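Structure file protein_26.csv (CSV, C-alpha atoms and all ligand atoms) is printed below.
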chain,number,residue,atom,x,y,z
T,1,MET,CA,172.4,46.8,88.0
T,2,ARG,CA,175.4,48.9,89.0
T,3,ASN,CA,178.4,48.3,91.2
T,4,VAL,CA,178.5,44.6,90.5
T,5,ASP,CA,181.2,43.0,92.6
T,6,GLN,CA,183.0,39.7,92.8
T,7,ASP,CA,180.3,38.2,94.9
T,8,ASN,CA,177.3,39.1,92.7
T,9,ILE,CA,178.6,39.3,89.2
T,10,THR,CA,177.9,35.7,88.4
T,11,GLN,CA,174.2,36.1,89.2
T,12,ALA,CA,174.1,39.4,87.3
T,13,VAL,CA,175.4,37.7,84.1
T,14,ILE,CA,173.1,34.7,84.5
T,15,ALA,CA,170.1,37.1,85.0
T,16,ARG,CA,171.0,38.8,81.7
T,17,LEU,CA,170.5,35.4,80.0
T,18,ALA,CA,166.9,35.0,81.2
T,19,ASP,CA,165.4,36.1,77.9
T,20,THR,CA,167.3,33.6,75.8
T,21,PRO,CA,164.5,32.0,73.7
T,22,ASP,CA,166.1,28.6,73.2
T,23,PRO,CA,165.9,26.8,76.6
T,24,ARG,CA,168.8,24.5,75.8
T,25,LEU,CA,171.0,27.5,74.8
T,26,ARG,CA,170.0,29.2,78.1
T,27,GLU,CA,170.9,26.1,80.0
T,28,ILE,CA,174.3,25.8,78.3
T,29,MET,CA,175.2,29.5,78.6
T,30,THR,CA,174.2,29.6,82.3
T,31,SER,CA,176.3,26.6,83.2
T,32,LEU,CA,179.2,27.9,81.1
T,33,VAL,CA,179.2,31.3,83.0
T,34,GLN,CA,178.9,29.5,86.4
T,35,HIS,CA,181.8,27.2,85.6
T,36,LEU,CA,184.0,29.9,84.1
T,37,HIS,CA,183.5,32.2,87.0
T,38,ALA,CA,184.1,29.3,89.5
T,39,PHE,CA,187.3,28.5,87.7
T,40,ALA,CA,188.6,32.1,87.8
T,41,ARG,CA,187.7,32.2,91.6
T,42,ASP,CA,189.3,28.8,92.2
T,43,VAL,CA,192.7,29.7,90.8
T,44,HIS,CA,192.3,33.4,91.7
T,45,LEU,CA,193.1,34.2,88.1
T,46,THR,CA,195.3,37.3,87.7
T,47,GLU,CA,194.7,39.9,84.9
T,48,ALA,CA,198.1,38.9,83.4
T,49,GLU,CA,197.1,35.2,83.4
T,50,TRP,CA,193.8,35.9,81.8
T,51,PHE,CA,195.5,38.0,79.1
T,52,GLN,CA,197.8,35.0,78.5
T,53,GLY,CA,194.6,32.8,78.2
T,54,ILE,CA,193.2,35.3,75.6
T,55,GLN,CA,196.5,35.2,73.7
T,56,PHE,CA,196.3,31.4,73.7
T,57,LEU,CA,192.8,31.4,72.3
T,58,THR,CA,193.8,34.1,69.7
T,59,ALA,CA,196.8,32.0,68.6
T,60,THR,CA,194.6,28.9,68.4
T,61,GLY,CA,192.2,30.8,66.1
T,62,HIS,CA,195.0,32.1,63.9
T,63,LYS,CA,196.4,28.6,63.5
T,64,CYS,CA,193.2,27.4,62.0
T,65,ASP,CA,192.5,27.2,58.3
T,66,ASP,CA,190.6,24.7,56.0
T,67,LYS,CA,193.3,22.1,56.6
T,68,ARG,CA,194.3,22.8,60.2
T,69,GLN,CA,191.9,22.7,63.2
T,70,GLU,CA,193.7,23.9,66.3
T,71,PHE,CA,190.5,24.1,68.4
T,72,ILE,CA,189.8,20.4,67.8
T,73,LEU,CA,193.4,19.7,68.9
T,74,ALA,CA,193.0,21.8,72.0
T,75,SER,CA,189.7,20.0,72.9
T,76,ASP,CA,191.4,16.7,72.2
T,77,VAL,CA,194.5,17.2,74.5
T,78,LEU,CA,192.3,18.5,77.3
T,79,GLY,CA,190.2,15.3,77.1
T,80,LEU,CA,187.0,17.2,76.3
T,81,SER,CA,186.6,15.5,72.9
T,82,MET,CA,186.8,12.1,74.5
T,83,LEU,CA,184.5,13.1,77.3
T,84,VAL,CA,181.8,14.2,74.9
T,85,VAL,CA,182.3,11.0,72.8
T,86,ALA,CA,182.1,8.8,75.9
T,87,MET,CA,178.9,10.6,77.3
T,88,ASN,CA,177.1,10.3,74.0
T,89,ASN,CA,178.1,6.8,72.9
T,90,ASP,CA,176.9,4.5,75.6
T,91,LYS,CA,176.1,1.4,73.5
T,92,PRO,CA,174.9,-2.2,74.3
T,93,ALA,CA,177.7,-4.7,75.0
T,94,GLY,CA,179.1,-6.2,71.8
T,95,CYS,CA,178.9,-3.0,69.8
T,96,THR,CA,182.2,-1.5,68.6
T,97,GLU,CA,183.1,1.4,70.8
T,98,SER,CA,183.5,5.0,69.5
T,99,THR,CA,186.5,7.2,69.9
T,100,VAL,CA,187.6,10.7,68.9
T,101,PHE,CA,187.1,11.9,65.4
T,102,GLY,CA,190.3,13.9,65.3
T,103,PRO,CA,191.0,16.8,62.9
T,104,PHE,CA,192.2,14.9,59.8
T,105,TYR,CA,189.0,13.5,58.3
T,106,VAL,CA,188.3,15.0,54.9
T,107,GLU,CA,184.9,14.7,53.1
T,108,GLY,CA,184.8,13.4,49.6
T,109,ALA,CA,187.6,10.8,49.9
T,110,PRO,CA,188.2,8.8,46.7
T,111,HIS,CA,186.0,5.7,46.2
T,112,TYR,CA,187.7,2.3,46.1
T,113,ALA,CA,186.7,-1.2,45.3
T,114,HIS,CA,187.6,-4.2,47.5
T,115,GLY,CA,191.3,-5.0,47.3
T,116,ASP,CA,192.3,-1.5,46.1
T,117,ASP,CA,195.2,0.3,47.7
T,118,VAL,CA,193.9,3.3,49.7
T,119,ALA,CA,197.5,4.3,50.5
T,120,ASN,CA,197.6,5.7,46.9
T,121,GLY,CA,201.4,6.4,47.1
T,122,ALA,CA,201.6,7.1,50.9
T,123,ALA,CA,204.9,5.8,52.3
T,124,GLY,CA,204.9,2.8,54.5
T,125,GLU,CA,205.1,-1.0,54.7
T,126,PRO,CA,202.3,-2.7,52.8
T,127,CYS,CA,199.3,-3.8,54.9
T,128,GLN,CA,196.1,-5.7,54.0
T,129,VAL,CA,193.0,-4.9,56.0
T,130,THR,CA,190.0,-7.2,56.1
T,131,GLY,CA,186.9,-7.4,58.2
T,132,THR,CA,183.2,-7.4,58.4
T,133,VAL,CA,180.4,-4.9,59.4
T,134,ARG,CA,177.6,-6.5,61.4
T,135,GLY,CA,174.7,-5.5,63.5
T,136,ILE,CA,174.3,-6.3,67.2
T,137,ASP,CA,172.3,-9.5,66.4
T,138,GLY,CA,175.2,-10.7,64.1
T,139,GLU,CA,173.4,-9.8,60.9
T,140,PRO,CA,175.8,-8.8,58.1
T,141,ILE,CA,175.4,-5.2,57.0
T,142,ALA,CA,175.8,-5.0,53.2
T,143,ASP,CA,176.6,-1.7,51.4
T,144,ALA,CA,177.7,0.1,54.5
T,145,VAL,CA,179.8,3.2,53.6
T,146,ILE,CA,183.2,2.7,55.1
T,147,ASN,CA,185.5,5.7,55.3
T,148,VAL,CA,189.1,5.0,56.4
T,149,TRP,CA,192.0,7.4,56.9
T,150,GLN,CA,195.5,7.1,58.3
T,151,ALA,CA,198.9,8.7,58.6
T,152,ASP,CA,201.9,7.5,56.5
T,153,SER,CA,205.1,6.0,58.0
T,154,GLU,CA,206.4,9.5,58.7
T,155,GLY,CA,203.3,10.1,60.8
T,156,HIS,CA,201.7,12.6,58.4
T,157,TYR,CA,198.2,12.7,57.0
T,158,ASP,CA,198.0,13.8,53.4
T,159,VAL,CA,196.3,17.1,54.4
T,160,GLN,CA,199.4,18.0,56.3
T,161,ASN,CA,201.5,18.0,53.1
T,162,PRO,CA,200.7,21.2,51.2
T,163,ALA,CA,202.6,19.8,48.1
T,164,LEU,CA,200.2,16.9,47.8
T,165,THR,CA,197.4,17.4,45.3
T,166,HIS,CA,195.7,14.1,45.6
T,167,ALA,CA,194.3,12.0,48.5
T,168,GLN,CA,196.7,9.5,50.1
T,169,GLY,CA,195.9,7.1,53.0
T,170,ARG,CA,192.2,7.8,52.9
T,171,GLY,CA,189.3,6.3,51.0
T,172,GLN,CA,185.7,5.2,50.9
T,173,LEU,CA,184.5,1.7,50.1
T,174,ARG,CA,181.3,-0.2,50.6
T,175,SER,CA,180.8,-3.5,52.5
T,176,GLY,CA,179.9,-6.5,50.3
T,177,PRO,CA,176.8,-8.7,50.6
T,178,ARG,CA,178.1,-10.6,53.7
T,179,GLY,CA,179.2,-7.3,55.3
T,180,GLU,CA,182.8,-8.0,54.3
T,181,PHE,CA,185.4,-5.5,53.2
T,182,HIS,CA,189.0,-5.7,52.1
T,183,PHE,CA,191.5,-3.0,51.2
T,184,ARG,CA,195.3,-2.5,51.0
T,185,SER,CA,197.1,0.3,52.7
T,186,VAL,CA,200.3,0.9,54.7
T,187,LEU,CA,201.2,-0.1,58.2
T,188,ALA,CA,199.8,2.3,60.8
T,189,GLU,CA,202.6,3.8,63.0
T,190,ALA,CA,202.6,5.9,66.1
T,191,TYR,CA,202.8,9.6,65.4
T,192,PRO,CA,202.9,12.9,67.3
T,193,ILE,CA,200.0,15.3,66.9
T,194,PRO,CA,201.0,18.6,65.4
T,195,THR,CA,203.1,20.6,67.9
T,196,ASP,CA,203.9,23.7,65.8
T,197,GLY,CA,201.0,25.7,67.3
T,198,PRO,CA,199.7,26.9,70.6
T,199,VAL,CA,198.5,23.4,71.6
T,200,GLY,CA,202.1,22.2,71.2
T,201,ASP,CA,203.3,25.1,73.4
T,202,MET,CA,200.8,24.0,76.0
T,203,LEU,CA,202.0,20.4,75.8
T,204,ARG,CA,205.6,21.5,76.3
T,205,ALA,CA,204.7,23.8,79.2
T,206,THR,CA,203.1,20.9,81.0
T,207,LYS,CA,205.8,18.4,80.1
T,208,ARG,CA,203.4,16.2,78.1
T,209,HIS,CA,204.3,14.1,75.1
T,210,PRO,CA,202.3,14.6,71.9
T,211,TRP,CA,202.3,10.9,70.7
T,212,ARG,CA,199.3,8.9,69.6
T,213,PRO,CA,199.6,5.1,69.4
T,214,ALA,CA,199.4,3.6,65.9
T,215,HIS,CA,195.8,3.5,64.6
T,216,LEU,CA,193.5,3.4,61.6
T,217,HIS,CA,190.5,5.7,61.6
T,218,PHE,CA,187.1,4.4,60.5
T,219,MET,CA,183.7,6.0,60.0
T,220,ILE,CA,181.0,3.5,59.1
T,221,GLU,CA,177.5,4.5,58.0
T,222,ALA,CA,174.5,2.4,57.1
T,223,PRO,CA,170.8,3.1,57.1
T,224,GLY,CA,169.1,1.9,60.2
T,225,TYR,CA,172.3,2.0,62.3
T,226,GLU,CA,174.1,4.6,64.3
T,227,THR,CA,177.1,6.0,62.5
T,228,LEU,CA,180.3,4.6,64.1
T,229,ILE,CA,183.3,6.9,64.4
T,230,THR,CA,186.3,5.0,65.8
T,231,HIS,CA,189.9,3.8,65.4
T,232,VAL,CA,191.5,0.4,65.5
T,233,PHE,CA,194.7,0.6,67.6
T,234,ARG,CA,197.8,-1.5,67.0
T,235,ASP,CA,198.5,-4.0,69.8
T,236,GLY,CA,201.9,-3.6,71.5
T,237,ASP,CA,202.3,0.1,70.7
T,238,GLN,CA,204.2,1.9,73.4
T,239,TYR,CA,201.7,4.8,73.6
T,240,LEU,CA,198.5,2.8,74.2
T,241,ASP,CA,198.5,3.9,77.9
T,242,SER,CA,199.5,7.5,77.3
T,243,ASP,CA,197.6,8.5,74.1
T,244,ALA,CA,197.9,12.4,73.9
T,245,VAL,CA,194.2,12.6,73.3
T,246,PHE,CA,192.9,9.8,75.6
T,247,GLY,CA,191.2,7.9,72.8
T,248,VAL,CA,192.3,4.3,73.5
T,249,ARG,CA,189.7,1.7,74.4
T,250,GLN,CA,190.8,-1.9,75.1
T,251,SER,CA,188.2,-3.3,72.8
T,252,LEU,CA,189.7,-1.3,69.9
T,253,ILE,CA,193.2,-2.8,70.2
T,254,ALA,CA,194.0,-5.5,67.6
T,255,PRO,CA,197.0,-7.4,66.4
T,256,TRP,CA,198.6,-6.5,63.2
T,257,THR,CA,200.3,-9.7,62.1
T,258,GLN,CA,203.1,-10.3,59.5
T,259,SER,CA,202.1,-12.5,56.6
T,260,PRO,CA,204.5,-15.0,54.9
T,261,ASP,CA,205.1,-12.5,52.0
T,262,GLY,CA,206.5,-10.0,54.5
T,263,GLY,CA,203.5,-7.7,54.4
T,264,TRP,CA,201.2,-6.9,57.3
T,265,ARG,CA,197.6,-7.9,57.9
T,266,LEU,CA,194.9,-6.6,60.1
T,267,ASP,CA,191.5,-8.3,60.5
T,268,TYR,CA,188.9,-6.5,62.5
T,269,ASP,CA,185.1,-6.9,62.7
T,270,PHE,CA,182.9,-3.9,63.4
T,271,VAL,CA,179.5,-4.1,65.1
T,272,LEU,CA,177.1,-1.2,64.7
T,273,ASN,CA,174.4,-0.2,67.1
T,274,SER,CA,170.9,0.0,65.8
T,275,ALA,CA,169.6,3.5,65.2
T,276,LYS,CA,167.3,4.8,67.9
T,277,ALA,CA,163.7,4.6,66.8
T,278,SER,CA,162.6,8.2,66.0
T,279,ALA,CA,159.7,9.4,68.2
C,1,LIG,C1,194.1,11.7,64.8
C,1,LIG,O1,194.1,10.6,65.3
C,1,LIG,O2,194.1,11.9,63.6
C,1,LIG,C2,194.1,12.8,65.8
C,1,LIG,C3,193.2,12.9,66.8
C,1,LIG,C4,193.3,13.9,67.7
C,1,LIG,C5,194.3,14.9,67.6
C,1,LIG,C6,195.2,14.9,66.5
C,1,LIG,C7,195.1,13.8,65.6
C,2,FE,FE,195.0,9.7,63.6

Can you give me the file's structure in the form of structure tokens?
Amino acid sequence: MRNVDQDNITQAVIARLADTPDPRLREIMTSLVQHLHAFARDVHLTEAEWFQGIQFLTATGHKCDDKRQEFILASDVLGLSMLVVAMNNDKPAGCTESTVFGPFYVEGAPHYAHGDDVANGAAGEPCQVTGTVRGIDGEPIADAVINVWQADSEGHYDVQNPALTHAQGRGQLRSGPRGEFHFRSVLAEAYPIPTDGPVGDMLRATKRHPWRPAHLHFMIEAPGYETLITHVFRDGDQYLDSDAVFGVRQSLIAPWTQSPDGGWRLDYDFVLNSAKASA
């Protein structure tokens, strides 16, 4: 086909996808082309503006390395991460809701026993975290793998500090026979997502703040249950209604209380959805 013009180019590109062997890939690519072209038409994108878009994507790629994932950050601040989470985690009432994974999970976190301090030297006020892991019928889930990760009182995850050679504020433990768990850490505090890259430029250009309300990240895995990726948010935080990445769910907000010894306490019970029976 020659002489494609602005009226028929969308169909021309979609026709070129007709031989894509994987039907799902064909569906996704076709829709992507349709929506990209509709977007360009909608705003009547100029060549200079699209070049700026290319520069943004290039800078986003250049900012990525094994510790920094600027594309996840971009997806998060555009609400795309939370949209995908929400669409794919429609669970029965009573199950703990899911929220964004974020870019700071690291595989292979140190293993800890109940009562251990996962802060491992991270700065912050001491905090005890207890809770249980259960199924939807209330059954305790023993031996669930609980991954927890959090920022320190300066708002930094360990992976953001190139001088650190060991894990801080992250760990893996297993629930006990009654589904219970207990670890020590530091108080979760609100923090800004990284703004020293193109995503930060975008936030500034649109007059958006980069703050996330204080939270602890959890990933909980157990055979026979859906893996739960979520946070627990600290009640009373000033950013609960304006989270930079749209991750707050009311059911995930919990009180951190001060104990008589001056430390903080959080008690939160998780409920996992049963795994879908495989066909
Ligand atoms: C986080 O909570 O770790 C996070 C989530 C999305 C973007 C940046 C950080
Ligand atoms: Fe976080």

Among listed residues T:Pro110, T:Pro213, T:Gly179, T:Gly135, nearest ligand LIG 1 (chain C) (using all atoms listed in the file): T:Pro213

Around (189.5, 20.2, 65.6) in the file's frame, which residues reach within 12 Å when counting only C-alpha atoms? Return as a PyMOL selection string? chain T and resi 60-61+63-77+80-81+100-106+193-194+199+245

Would you export the selected residues with C-alpha atoms as a compact mmCIF listing (two decimals), in the coordinates of the input, please?
# COMPACT_ATOMS: atom_id res chain seq x y z
CA THR T 60 194.60 28.90 68.40
CA GLY T 61 192.20 30.80 66.10
CA LYS T 63 196.40 28.60 63.50
CA CYS T 64 193.20 27.40 62.00
CA ASP T 65 192.50 27.20 58.30
CA ASP T 66 190.60 24.70 56.00
CA LYS T 67 193.30 22.10 56.60
CA ARG T 68 194.30 22.80 60.20
CA GLN T 69 191.90 22.70 63.20
CA GLU T 70 193.70 23.90 66.30
CA PHE T 71 190.50 24.10 68.40
CA ILE T 72 189.80 20.40 67.80
CA LEU T 73 193.40 19.70 68.90
CA ALA T 74 193.00 21.80 72.00
CA SER T 75 189.70 20.00 72.90
CA ASP T 76 191.40 16.70 72.20
CA VAL T 77 194.50 17.20 74.50
CA LEU T 80 187.00 17.20 76.30
CA SER T 81 186.60 15.50 72.90
CA VAL T 100 187.60 10.70 68.90
CA PHE T 101 187.10 11.90 65.40
CA GLY T 102 190.30 13.90 65.30
CA PRO T 103 191.00 16.80 62.90
CA PHE T 104 192.20 14.90 59.80
CA TYR T 105 189.00 13.50 58.30
CA VAL T 106 188.30 15.00 54.90
CA ILE T 193 200.00 15.30 66.90
CA PRO T 194 201.00 18.60 65.40
CA VAL T 199 198.50 23.40 71.60
CA VAL T 245 194.20 12.60 73.30

For Arg184 (chain T), work out the shell of residues within 8 Å, counting all atoms listed in the file and skipping chain neighbours fewer than 2 positions away, then give it as a PyMOL selection string. chain T and resi 115-119+126-129+182+186

With distances taken over only C-alpha atoms and all ligand atoms, which of T:Asp158, T:Asp241, T:Asp261, T:Glu180 is nearest to ligand LIG 1 (chain C)?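 Of T:Asp158, T:Asp241, T:Asp261, T:Glu180, the one nearest ligand LIG 1 (chain C) is T:Asp158, counting only C-alpha atoms and all ligand atoms.
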
Best match for closeness to ligand FE 2 (chain C) among T:Pro223, T:Gly155, T:Gly263, T:Gly236, counting only C-alpha atoms and all ligand atoms: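 Closest to ligand FE 2 (chain C) of all the choices is T:Gly155.
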
Identify which of the residues T:Asp196, T:Glu125, T:Glu97, T:Glu189 lies closest to ligand FE 2 (chain C), counting all atoms listed in the file when measuring atom-to-atom distances. T:Glu189

Show me which residues are within 7 Å of ligand FE 2 (chain C) counting all atoms listed in the file, and format the list as an MDAnalysis selection string. chainID T and resid 102 150:151 215:217

Using the selection just defined, write its residues with C-alpha atoms as a CSV table (one decimal), keeping the file's coordinate frame.
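After the write, selection.csv holds the following:
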chain,number,residue,atom,x,y,z
T,102,GLY,CA,190.3,13.9,65.3
T,150,GLN,CA,195.5,7.1,58.3
T,151,ALA,CA,198.9,8.7,58.6
T,215,HIS,CA,195.8,3.5,64.6
T,216,LEU,CA,193.5,3.4,61.6
T,217,HIS,CA,190.5,5.7,61.6

Among T:His166, T:His37, T:Arg24, T:Arg208, Ala12 (chain T) is approached most closely, using only C-alpha atoms, by T:His37

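Taking CA of Asp243 (chain T) as the reference point, CA of Val133 (chain T) is found at 26.3 Å.
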
So how far away is CA of Ser185 (chain T) from CA of Ala123 (chain T), in Å?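 According to the coordinates, CA of Ala123 (chain T) and CA of Ser185 (chain T) are separated by 9.6 Å.
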
Residues within 7 Å of Ser274 (chain T), please, as a tab-separated table (two decimals) with C-alpha atoms, keeping the file's coordinate frame. Count all atoms listed in the file; anything in the same chain fewer than 6 positions from it doesn't count.
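As a result, out24.tsv now contains:
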chain	number	residue	atom	x	y	z
T	224	GLY	CA	169.10	1.90	60.20
T	225	TYR	CA	172.30	2.00	62.30
T	226	GLU	CA	174.10	4.60	64.30

With only C-alpha atoms and all ligand atoms as the atoms that count, which of T:Tyr112, T:Tyr239, T:Tyr157, T:Trp50 lies nearest to ligand LIG 1 (chain C)?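 For ligand LIG 1 (chain C), the nearest of the given residues is T:Tyr157.
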
Tell me which residues come within 7 Å of (186.1, -1.6, 53.4), as a list in words, counting only C-alpha atoms in the file's coordinates.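 Checking each residue against the 7 Å limit leaves His114, Ile146, Leu173, Arg174, Ser175, Phe181, His182 and Phe183 of chain T.
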
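Interatomic distance, CA of Ile141 (chain T) against CA of Val84 (chain T): 27.2 Å.
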
I'd like the contact shell of Ser98 (chain T) - 7 Å cut-off, only C-alpha atoms, skipping same-chain residues fewer than 4 positions apart - returned as a ChimeraX atom specification. /T:85,89,228-230
